[in-house]
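Participant: Just run20.txt, nothing more (compact mmCIF, C-alpha atoms):
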# COMPACT_ATOMS: atom_id res chain seq x y z
CA MET A 19 169.16 132.25 162.36
CA LEU A 20 171.71 129.44 162.38
CA ALA A 21 172.70 127.74 159.12
CA ALA A 22 171.41 124.16 158.85
CA LYS A 23 174.12 121.67 159.81
CA TYR A 24 172.64 118.68 157.95
CA LYS A 25 171.81 118.18 154.28
CA VAL A 26 169.00 116.21 152.66
CA GLY A 27 169.89 112.50 152.59
CA GLU A 28 172.36 112.66 155.50
CA LYS A 29 172.03 109.98 158.17
CA VAL A 30 171.35 111.22 161.68
CA LYS A 31 170.75 109.65 165.08
CA VAL A 32 168.20 111.09 167.49
CA LEU A 33 169.56 111.82 170.95
CA LYS A 34 168.50 109.05 173.35
CA ALA A 35 167.88 111.19 176.40
CA TYR A 36 164.99 111.92 178.72
CA PRO A 37 165.41 115.44 180.11
CA LEU A 38 162.69 117.35 181.92
CA GLY A 39 160.72 120.21 180.41
CA HIS A 40 158.55 120.58 177.33
CA ILE A 41 160.13 118.33 174.69
CA ARG A 42 158.89 118.11 171.12
CA THR A 43 160.94 115.02 170.22
CA PRO A 44 158.60 112.05 170.77
CA TYR A 45 159.72 109.32 173.16
CA TYR A 46 159.42 106.53 170.62
CA ILE A 47 161.87 108.09 168.16
CA ARG A 48 164.72 108.83 170.58
CA GLY A 49 167.82 106.79 169.80
CA CYS A 50 166.63 105.92 166.27
CA VAL A 51 168.66 106.45 163.09
CA GLY A 52 167.04 108.06 160.06
CA GLU A 53 167.84 110.35 157.19
CA ILE A 54 167.13 114.00 156.55
CA GLU A 55 164.09 114.26 154.27
CA ARG A 56 164.03 118.07 154.17
CA VAL A 57 165.09 121.18 156.00
CA CYS A 58 161.85 122.79 157.18
CA GLY A 59 163.36 126.16 158.09
CA ALA A 60 164.33 127.64 161.44
CA PHE A 61 162.02 128.28 164.38
CA PRO A 62 162.35 129.53 167.96
CA ASN A 63 163.24 126.70 170.33
CA PRO A 64 159.94 125.41 171.82
CA GLU A 65 161.78 124.13 174.91
CA GLU A 66 162.69 127.75 175.68
CA LEU A 67 159.36 129.25 174.58
CA ALA A 68 157.61 126.90 177.01
CA GLN A 69 159.60 128.51 179.85
CA MET A 70 158.60 132.04 178.77
CA ARG A 71 161.91 132.86 177.14
CA SER A 72 162.41 133.98 173.56
CA GLY A 73 163.75 130.73 172.11
CA LEU A 74 166.07 132.81 169.92
CA PRO A 75 168.10 132.39 167.78
CA PRO A 76 165.76 130.22 165.70
CA LEU A 77 166.97 126.62 165.38
CA PRO A 78 166.96 124.58 162.18
CA LEU A 79 164.09 122.09 162.08
CA TYR A 80 164.27 118.96 159.91
CA ARG A 81 161.84 116.38 158.69
CA VAL A 82 163.60 113.10 159.35
CA ARG A 83 162.58 109.84 157.67
CA PHE A 84 162.86 106.55 159.57
CA ARG A 85 162.11 103.02 158.43
CA GLN A 86 159.21 101.65 160.44
CA LYS A 87 161.10 98.40 161.03
CA ASP A 88 163.95 100.40 162.57
CA VAL A 89 161.54 102.15 164.94
CA TRP A 90 159.39 99.20 166.05
CA PRO A 91 161.27 95.94 166.70
CA ASP A 92 158.12 93.87 166.07
CA TYR A 93 156.97 95.77 162.95
CA SER A 94 155.27 93.31 160.60
CA GLY A 95 154.22 95.68 157.79
CA ASN A 96 155.93 96.40 154.48
CA GLY A 97 159.71 96.77 154.92
CA ALA A 98 159.64 99.94 152.84
CA ASP A 99 157.19 101.72 155.19
CA VAL A 100 158.52 104.89 156.75
CA VAL A 101 157.57 107.35 159.47
CA GLU A 102 158.60 111.00 159.25
CA VAL A 103 159.10 113.15 162.32
CA GLU A 104 159.98 116.83 162.57
CA ILE A 105 162.96 117.23 164.88
CA PHE A 106 165.04 120.24 165.91
CA GLU A 107 168.75 120.22 165.17
CA HIS A 108 169.94 120.01 168.77
CA TRP A 109 168.29 116.60 169.09
CA LEU A 110 170.29 115.15 166.18
CA ASP A 111 173.83 113.79 165.85
CA ARG A 112 175.68 112.79 162.71
CA VAL A 113 176.01 109.01 162.25
CA MET B 14 163.57 108.68 186.80
CA ILE B 15 160.52 108.77 184.54
CA GLU B 16 161.64 108.36 180.93
CA ARG B 17 158.29 108.63 179.18
CA SER B 18 155.97 111.47 180.17
CA HIS B 19 152.33 110.47 180.46
CA HIS B 20 151.19 112.57 177.48
CA ASP B 21 153.92 111.16 175.22
CA MET B 22 151.96 108.01 174.33
CA GLY B 23 152.83 107.54 170.65
CA GLY B 24 153.25 103.84 169.90
CA LEU B 25 151.58 102.51 173.05
CA PRO B 26 148.78 99.96 172.60
CA ALA B 27 145.48 101.83 172.44
CA GLY B 28 142.88 99.40 171.15
CA LYS B 29 140.64 99.86 168.17
CA VAL B 30 139.57 103.31 166.96
CA GLU B 31 135.78 103.34 167.06
CA ARG B 32 134.12 105.44 164.39
CA ASN B 33 130.45 106.25 164.62
CA GLY B 34 130.02 107.04 160.96
CA ILE B 35 132.00 108.78 158.26
CA ASP B 36 129.72 111.79 157.91
CA GLU B 37 129.43 112.45 161.61
CA THR B 38 131.20 115.62 162.72
CA HIS B 39 131.92 116.51 166.30
CA ASP B 40 129.55 119.19 167.47
CA TYR B 41 131.39 121.61 169.73
CA SER B 42 129.51 123.17 172.60
CA LEU B 43 129.47 126.94 173.10
CA TRP B 44 132.04 126.89 175.92
CA GLU B 45 134.44 124.87 173.78
CA ARG B 46 134.13 127.40 170.96
CA ARG B 47 134.76 130.20 173.44
CA VAL B 48 137.89 128.51 174.79
CA ASP B 49 139.18 128.07 171.25
CA ALA B 50 138.50 131.71 170.40
CA MET B 51 140.20 132.87 173.60
CA ALA B 52 143.29 130.79 172.79
CA VAL B 53 143.48 132.26 169.27
CA LEU B 54 143.25 135.80 170.63
CA LEU B 55 145.74 135.28 173.49
CA GLN B 56 148.27 133.60 171.20
CA GLY B 57 148.15 136.58 168.84
CA ILE B 58 147.28 134.41 165.84
CA LYS B 59 144.71 136.90 164.57
CA PRO B 60 146.40 139.83 162.79
CA GLY B 61 146.54 142.92 164.97
CA THR B 62 146.40 141.00 168.26
CA ARG B 63 149.28 140.85 170.72
CA ARG B 64 150.78 137.51 171.73
CA LEU B 65 150.25 137.14 175.47
CA VAL B 66 150.87 133.41 175.71
CA THR B 67 152.63 130.83 173.53
CA VAL B 68 151.33 127.44 172.49
CA ASP B 69 154.49 125.95 174.02
CA GLU B 70 153.70 127.37 177.47
CA ARG B 71 150.20 125.93 177.16
CA ARG B 72 151.51 122.56 176.06
CA ARG B 73 153.88 122.55 179.02
CA ALA B 74 150.98 123.22 181.40
CA ILE B 75 149.00 120.34 179.84
CA GLU B 76 152.00 118.01 180.07
CA MET B 77 152.39 118.87 183.77
CA LEU B 78 148.88 117.60 184.60
CA PRO B 79 148.85 114.52 186.83
CA PRO B 80 148.16 111.42 184.66
CA GLN B 81 144.74 110.78 186.21
CA ALA B 82 143.67 114.40 185.57
CA TYR B 83 145.05 114.29 182.03
CA ASP B 84 143.00 111.18 181.25
CA ALA B 85 139.83 112.40 182.96
CA MET B 86 139.72 115.78 181.21
CA SER B 87 138.29 116.40 177.77
CA TYR B 88 140.32 118.13 175.08
CA TYR B 89 138.97 121.61 175.75
CA GLU B 90 139.07 121.11 179.51
CA ARG B 91 142.82 120.65 179.14
CA TRP B 92 142.93 123.74 176.94
CA VAL B 93 141.13 125.96 179.44
CA ILE B 94 143.29 124.70 182.32
CA SER B 95 146.43 125.44 180.30
CA LEU B 96 145.22 128.95 179.44
CA ALA B 97 144.44 129.76 183.09
CA GLU B 98 147.73 128.30 184.32
CA THR B 99 149.75 130.28 181.77
CA LEU B 100 147.89 133.54 182.41
CA ILE B 101 148.60 133.19 186.13
CA GLN B 102 152.28 132.47 185.49
CA ARG B 103 152.48 135.44 183.16
CA GLY B 104 150.94 137.71 185.77
CA ILE B 105 147.97 138.59 183.57
CA LEU B 106 145.54 136.99 186.04
CA THR B 107 146.01 136.29 189.71
CA SER B 108 144.77 133.13 191.39
CA GLU B 109 142.61 135.34 193.59
CA GLU B 110 140.92 137.00 190.61
CA LEU B 111 140.26 133.61 189.11
CA ALA B 112 138.92 132.28 192.43
CA ARG B 113 136.53 135.25 192.87
CA LYS B 114 135.28 134.92 189.30
CA MET B 115 134.74 131.18 189.62
CA VAL B 116 132.66 131.70 192.77
CA GLU B 117 130.65 134.45 191.02
CA VAL B 118 129.97 132.31 187.94
CA GLU B 119 129.06 129.31 190.06
CA GLY B 120 126.59 131.49 191.98
CA ARG B 121 125.11 132.73 188.71
CA ALA B 122 124.57 129.15 187.54
CA ARG B 123 122.86 128.15 190.80
CA ARG B 124 120.25 130.91 190.67
Please lay out the structure from this file as structure tokens.
Facilitator:
Amino acid sequence: MLAAKYKVGEKVKVLKAYPLGHIRTPYYIRGCVGEIERVCGAFPNPEELAQMRSGLPPLPLYRVRFRQKDVWPDYSGNGADVVEVEIFEHWLDRV
Amino acid sequence: MIERSHHDMGGLPAGKVERNGIDETHDYSLWERRVDAMAVLLQGIKPGTRRLVTVDERRRAIEMLPPQAYDAMSYYERWVISLAETLIQRGILTSEELARKMVEVEGRARR
């Protein structure tokens, strides 16, 4: 298992890319900036598992918190509203 | 290049969620329960069972469905398709075995 690269509270940007395959990073969150809410642990890479490979070594998985108004340009709700998404480390870059 | 896969619809306009009543629970039919049980056994979730397929392989099969098929199928129809597809890819079932069985079952239903 790989040691987690990011700490709670660190700002990260989700990779804005559209590769083929089985991707667990939702379309709407790609390219958004958020902060690490927690480190969930490490899990086999689902992109590899989907292709019948082992997905090992396990990759760190994070729960990342985004402000709704940063995700949806036309968001009209409370400015403090957030959305949290679980994202694997290889989809994140340091801001 | 297609950026957004058809299944990846989070955030798209979807209209109002219609609820028929708070106490109403979805009643699963027998075949749906069987598909669920088969998935649990094949994924090795139950202690003592071997993992023959992964949920990720099944998800991939569902995500590969043509958009019109994805929309037309019910939840457990997509599940059963994904199980069959993965078992064929894994070499646990052959397409021929599945074809013969489907003909047999169809014949049974017609009698």
Participant: Counting all atoms listed in the file, which residues from chain A have an atom at most 9 Å from any atom of chain B, and could you show them as a PyMOL selection string?
Facilitator: chain A and resi 35-37+39-41+44-46+64-70+90
Participant: Mind pulling up the distance from CA of Phe61 in chain A to CA of Pro78 in chain A?
Facilitator: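 Going from CA of Pro78 in chain A over to CA of Phe61 in chain A covers 6.6 Å.
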Participant: Tell me, in Å to one decimal, how far CA of Arg91 in chain B is from CA of Ala50 in chain B.
Facilitator: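 One can read the CA of Arg91 in chain B to CA of Ala50 in chain B distance as 14.7 Å.
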Participant: Considering only C-alpha atoms, can you say which of B:Ala82, B:Leu100, B:Ala112, B:Val93 comes closest to Asp49 in chain B?
Facilitator: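 Between B:Ala82, B:Leu100, B:Ala112, B:Val93, the residue approaching Asp49 in chain B most closely is B:Val93.
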Participant: Interatomic distance between CA of Glu31 in chain B and CA of Ala85 in chain B?
Facilitator: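 Separation of CA of Glu31 in chain B and CA of Ala85 in chain B: 18.7 Å.
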Participant: If we count only C-alpha atoms, what is near Asp111 in chain A at a cut-off of 8 Å, once residues fewer than 4 positions away on the same chain are taken out, given as a PyMOL selection string?
Facilitator: chain A and resi 30-33
Participant: Using all atoms listed in the file, collect all residues at a distance of at most 7 Å from (162.0, 99.3, 154.3) as written in the file, then present them as a list in words.
Facilitator: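 Returned residue set, sorted by chain then number, is Arg85, Lys87, Asn96, Gly97, Ala98 and Asp99 of chain A.
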Participant: Just checking: using only C-alpha atoms, which residue out of A:Leu38, A:Val101, A:Leu77, A:Val113 ends up closest to Asn63 in chain A?
Facilitator: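 Residue with the minimum atom-to-atom distance to Asn63 in chain A: A:Leu77.
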Participant: Between A:Cys58, A:Arg112, A:Arg83, A:Glu53, which residue has the minimum interatomic distance to Val100 in chain A, considering only C-alpha atoms?
Facilitator: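 Residue with the minimum atom-to-atom distance to Val100 in chain A: A:Arg83.
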Participant: Would you pick out the contacts of Met51 in chain B at 12 Å or less, using all atoms listed in the file, so that residues sharing its chain but fewer than 2 positions from it are not included, and give the list as a list in words?
Facilitator: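 The neighbour list is Trp44, Glu45, Arg46, Arg47, Val48, Asp49, Val53, Leu54, Leu55, Gln56, Gly57, Ile58, Lys59, Thr62, Arg64, Leu65, Val66, Tyr89, Trp92, Val93, Ser95, Leu96, Ala97 and Leu100 of chain B.
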Participant: Show me as a PDB file with C-alpha atoms, in the coordinates of the input the residues that reach within 7 Å of (165.4, 117.6, 171.2), counting all atoms listed in the file and using the file's own coordinates.
Facilitator:
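That gives us result.pdb:
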ATOM      1  CA  ILE A  41     160.130 118.330 174.690  1.00  0.00           C
ATOM      2  CA  ARG A  42     158.890 118.110 171.120  1.00  0.00           C
ATOM      3  CA  THR A  43     160.940 115.020 170.220  1.00  0.00           C
ATOM      4  CA  ILE A 105     162.960 117.230 164.880  1.00  0.00           C
ATOM      5  CA  PHE A 106     165.040 120.240 165.910  1.00  0.00           C
ATOM      6  CA  HIS A 108     169.940 120.010 168.770  1.00  0.00           C
ATOM      7  CA  TRP A 109     168.290 116.600 169.090  1.00  0.00           C
TER       8      TRP A 109
END
Participant: Within 12 Å of Leu111 in chain B, counting all atoms listed in the file, which residues show up once you throw out same-chain ones fewer than 6 positions away? Write them as number ranges by chain, please.
Facilitator: B: 94, 96-98, 100-101, 104-105, 117-118
Participant: Could you give me range 25-59 of chain B completed to N, CA and C atoms, formatted as a PDB file, in the coordinates of the input?
Facilitator:
ATOM      1  N   LEU B  25     152.094 103.407 171.995  1.00  0.00           N
ATOM      2  CA  LEU B  25     151.580 102.510 173.050  1.00  0.00           C
ATOM      3  C   LEU B  25     150.288 101.843 172.556  1.00  0.00           C
ATOM      4  N   PRO B  26     150.028 100.619 173.012  1.00  0.00           N
ATOM      5  CA  PRO B  26     148.780  99.960 172.600  1.00  0.00           C
ATOM      6  C   PRO B  26     147.578 100.805 173.023  1.00  0.00           C
ATOM      7  N   ALA B  27     146.614 100.958 172.120  1.00  0.00           N
ATOM      8  CA  ALA B  27     145.480 101.830 172.440  1.00  0.00           C
ATOM      9  C   ALA B  27     144.144 101.231 172.026  1.00  0.00           C
ATOM     10  N   GLY B  28     144.150 100.008 171.546  1.00  0.00           N
ATOM     11  CA  GLY B  28     142.880  99.400 171.150  1.00  0.00           C
ATOM     12  C   GLY B  28     142.393  99.934 169.819  1.00  0.00           C
ATOM     13  N   LYS B  29     141.201  99.511 169.472  1.00  0.00           N
ATOM     14  CA  LYS B  29     140.640  99.860 168.170  1.00  0.00           C
ATOM     15  C   LYS B  29     140.063 101.275 168.202  1.00  0.00           C
ATOM     16  N   VAL B  30     140.205 101.984 167.082  1.00  0.00           N
ATOM     17  CA  VAL B  30     139.570 103.310 166.960  1.00  0.00           C
ATOM     18  C   VAL B  30     138.130 103.086 166.527  1.00  0.00           C
ATOM     19  N   GLU B  31     137.208 103.517 167.371  1.00  0.00           N
ATOM     20  CA  GLU B  31     135.780 103.340 167.060  1.00  0.00           C
ATOM     21  C   GLU B  31     135.273 104.556 166.307  1.00  0.00           C
ATOM     22  N   ARG B  32     134.694 104.338 165.162  1.00  0.00           N
ATOM     23  CA  ARG B  32     134.120 105.440 164.390  1.00  0.00           C
ATOM     24  C   ARG B  32     132.614 105.247 164.334  1.00  0.00           C
ATOM     25  N   ASN B  33     131.914 106.336 164.578  1.00  0.00           N
ATOM     26  CA  ASN B  33     130.450 106.250 164.620  1.00  0.00           C
ATOM     27  C   ASN B  33     129.817 106.436 163.250  1.00  0.00           C
ATOM     28  N   GLY B  34     130.581 106.785 162.281  1.00  0.00           N
ATOM     29  CA  GLY B  34     130.020 107.040 160.960  1.00  0.00           C
ATOM     30  C   GLY B  34     130.844 108.097 160.269  1.00  0.00           C
ATOM     31  N   ILE B  35     131.083 107.921 158.996  1.00  0.00           N
ATOM     32  CA  ILE B  35     132.000 108.780 158.260  1.00  0.00           C
ATOM     33  C   ILE B  35     131.532 110.238 158.210  1.00  0.00           C
ATOM     34  N   ASP B  36     130.217 110.430 158.087  1.00  0.00           N
ATOM     35  CA  ASP B  36     129.720 111.790 157.910  1.00  0.00           C
ATOM     36  C   ASP B  36     129.535 112.546 159.234  1.00  0.00           C
ATOM     37  N   GLU B  37     129.687 111.821 160.314  1.00  0.00           N
ATOM     38  CA  GLU B  37     129.430 112.450 161.610  1.00  0.00           C
ATOM     39  C   GLU B  37     130.550 113.430 161.981  1.00  0.00           C
ATOM     40  N   THR B  38     130.194 114.652 162.285  1.00  0.00           N
ATOM     41  CA  THR B  38     131.200 115.620 162.720  1.00  0.00           C
ATOM     42  C   THR B  38     130.963 115.930 164.192  1.00  0.00           C
ATOM     43  N   HIS B  39     132.043 116.205 164.874  1.00  0.00           N
ATOM     44  CA  HIS B  39     131.920 116.510 166.300  1.00  0.00           C
ATOM     45  C   HIS B  39     131.285 117.884 166.462  1.00  0.00           C
ATOM     46  N   ASP B  40     130.247 117.920 167.262  1.00  0.00           N
ATOM     47  CA  ASP B  40     129.550 119.190 167.470  1.00  0.00           C
ATOM     48  C   ASP B  40     130.107 119.837 168.742  1.00  0.00           C
ATOM     49  N   TYR B  41     130.785 120.942 168.577  1.00  0.00           N
ATOM     50  CA  TYR B  41     131.390 121.610 169.730  1.00  0.00           C
ATOM     51  C   TYR B  41     130.341 122.416 170.486  1.00  0.00           C
ATOM     52  N   SER B  42     130.444 122.382 171.807  1.00  0.00           N
ATOM     53  CA  SER B  42     129.510 123.170 172.600  1.00  0.00           C
ATOM     54  C   SER B  42     130.003 124.622 172.638  1.00  0.00           C
ATOM     55  N   LEU B  43     129.135 125.508 173.097  1.00  0.00           N
ATOM     56  CA  LEU B  43     129.470 126.940 173.100  1.00  0.00           C
ATOM     57  C   LEU B  43     130.734 127.225 173.913  1.00  0.00           C
ATOM     58  N   TRP B  44     130.850 126.594 175.082  1.00  0.00           N
ATOM     59  CA  TRP B  44     132.040 126.890 175.920  1.00  0.00           C
ATOM     60  C   TRP B  44     133.317 126.435 175.242  1.00  0.00           C
ATOM     61  N   GLU B  45     133.243 125.340 174.482  1.00  0.00           N
ATOM     62  CA  GLU B  45     134.440 124.870 173.780  1.00  0.00           C
ATOM     63  C   GLU B  45     134.846 125.862 172.685  1.00  0.00           C
ATOM     64  N   ARG B  46     133.847 126.397 171.996  1.00  0.00           N
ATOM     65  CA  ARG B  46     134.130 127.400 170.960  1.00  0.00           C
ATOM     66  C   ARG B  46     134.738 128.653 171.579  1.00  0.00           C
ATOM     67  N   ARG B  47     134.243 129.001 172.762  1.00  0.00           N
ATOM     68  CA  ARG B  47     134.760 130.200 173.440  1.00  0.00           C
ATOM     69  C   ARG B  47     136.220 129.998 173.866  1.00  0.00           C
ATOM     70  N   VAL B  48     136.518 128.806 174.363  1.00  0.00           N
ATOM     71  CA  VAL B  48     137.890 128.510 174.790  1.00  0.00           C
ATOM     72  C   VAL B  48     138.825 128.586 173.577  1.00  0.00           C
ATOM     73  N   ASP B  49     138.374 128.051 172.466  1.00  0.00           N
ATOM     74  CA  ASP B  49     139.180 128.070 171.250  1.00  0.00           C
ATOM     75  C   ASP B  49     139.442 129.513 170.803  1.00  0.00           C
ATOM     76  N   ALA B  50     138.382 130.314 170.819  1.00  0.00           N
ATOM     77  CA  ALA B  50     138.500 131.710 170.400  1.00  0.00           C
ATOM     78  C   ALA B  50     139.459 132.474 171.322  1.00  0.00           C
ATOM     79  N   MET B  51     139.350 132.203 172.617  1.00  0.00           N
ATOM     80  CA  MET B  51     140.200 132.870 173.600  1.00  0.00           C
ATOM     81  C   MET B  51     141.670 132.509 173.361  1.00  0.00           C
ATOM     82  N   ALA B  52     141.914 131.237 173.052  1.00  0.00           N
ATOM     83  CA  ALA B  52     143.290 130.790 172.790  1.00  0.00           C
ATOM     84  C   ALA B  52     143.850 131.499 171.552  1.00  0.00           C
ATOM     85  N   VAL B  53     143.041 131.597 170.507  1.00  0.00           N
ATOM     86  CA  VAL B  53     143.480 132.260 169.270  1.00  0.00           C
ATOM     87  C   VAL B  53     143.835 133.720 169.553  1.00  0.00           C
ATOM     88  N   LEU B  54     142.990 134.389 170.328  1.00  0.00           N
ATOM     89  CA  LEU B  54     143.250 135.800 170.630  1.00  0.00           C
ATOM     90  C   LEU B  54     144.481 135.972 171.517  1.00  0.00           C
ATOM     91  N   LEU B  55     144.602 135.143 172.559  1.00  0.00           N
ATOM     92  CA  LEU B  55     145.740 135.280 173.490  1.00  0.00           C
ATOM     93  C   LEU B  55     147.064 134.903 172.846  1.00  0.00           C
ATOM     94  N   GLN B  56     147.031 134.011 171.860  1.00  0.00           N
ATOM     95  CA  GLN B  56     148.270 133.600 171.200  1.00  0.00           C
ATOM     96  C   GLN B  56     148.647 134.544 170.055  1.00  0.00           C
ATOM     97  N   GLY B  57     147.820 135.577 169.850  1.00  0.00           N
ATOM     98  CA  GLY B  57     148.150 136.580 168.840  1.00  0.00           C
ATOM     99  C   GLY B  57     148.140 136.042 167.421  1.00  0.00           C
ATOM    100  N   ILE B  58     147.330 135.009 167.179  1.00  0.00           N
ATOM    101  CA  ILE B  58     147.280 134.410 165.840  1.00  0.00           C
ATOM    102  C   ILE B  58     146.537 135.339 164.883  1.00  0.00           C
ATOM    103  N   LYS B  59     145.501 135.992 165.396  1.00  0.00           N
ATOM    104  CA  LYS B  59     144.710 136.900 164.570  1.00  0.00           C
ATOM    105  C   LYS B  59     145.524 138.172 164.318  1.00  0.00           C
TER     106      LYS B  59
END
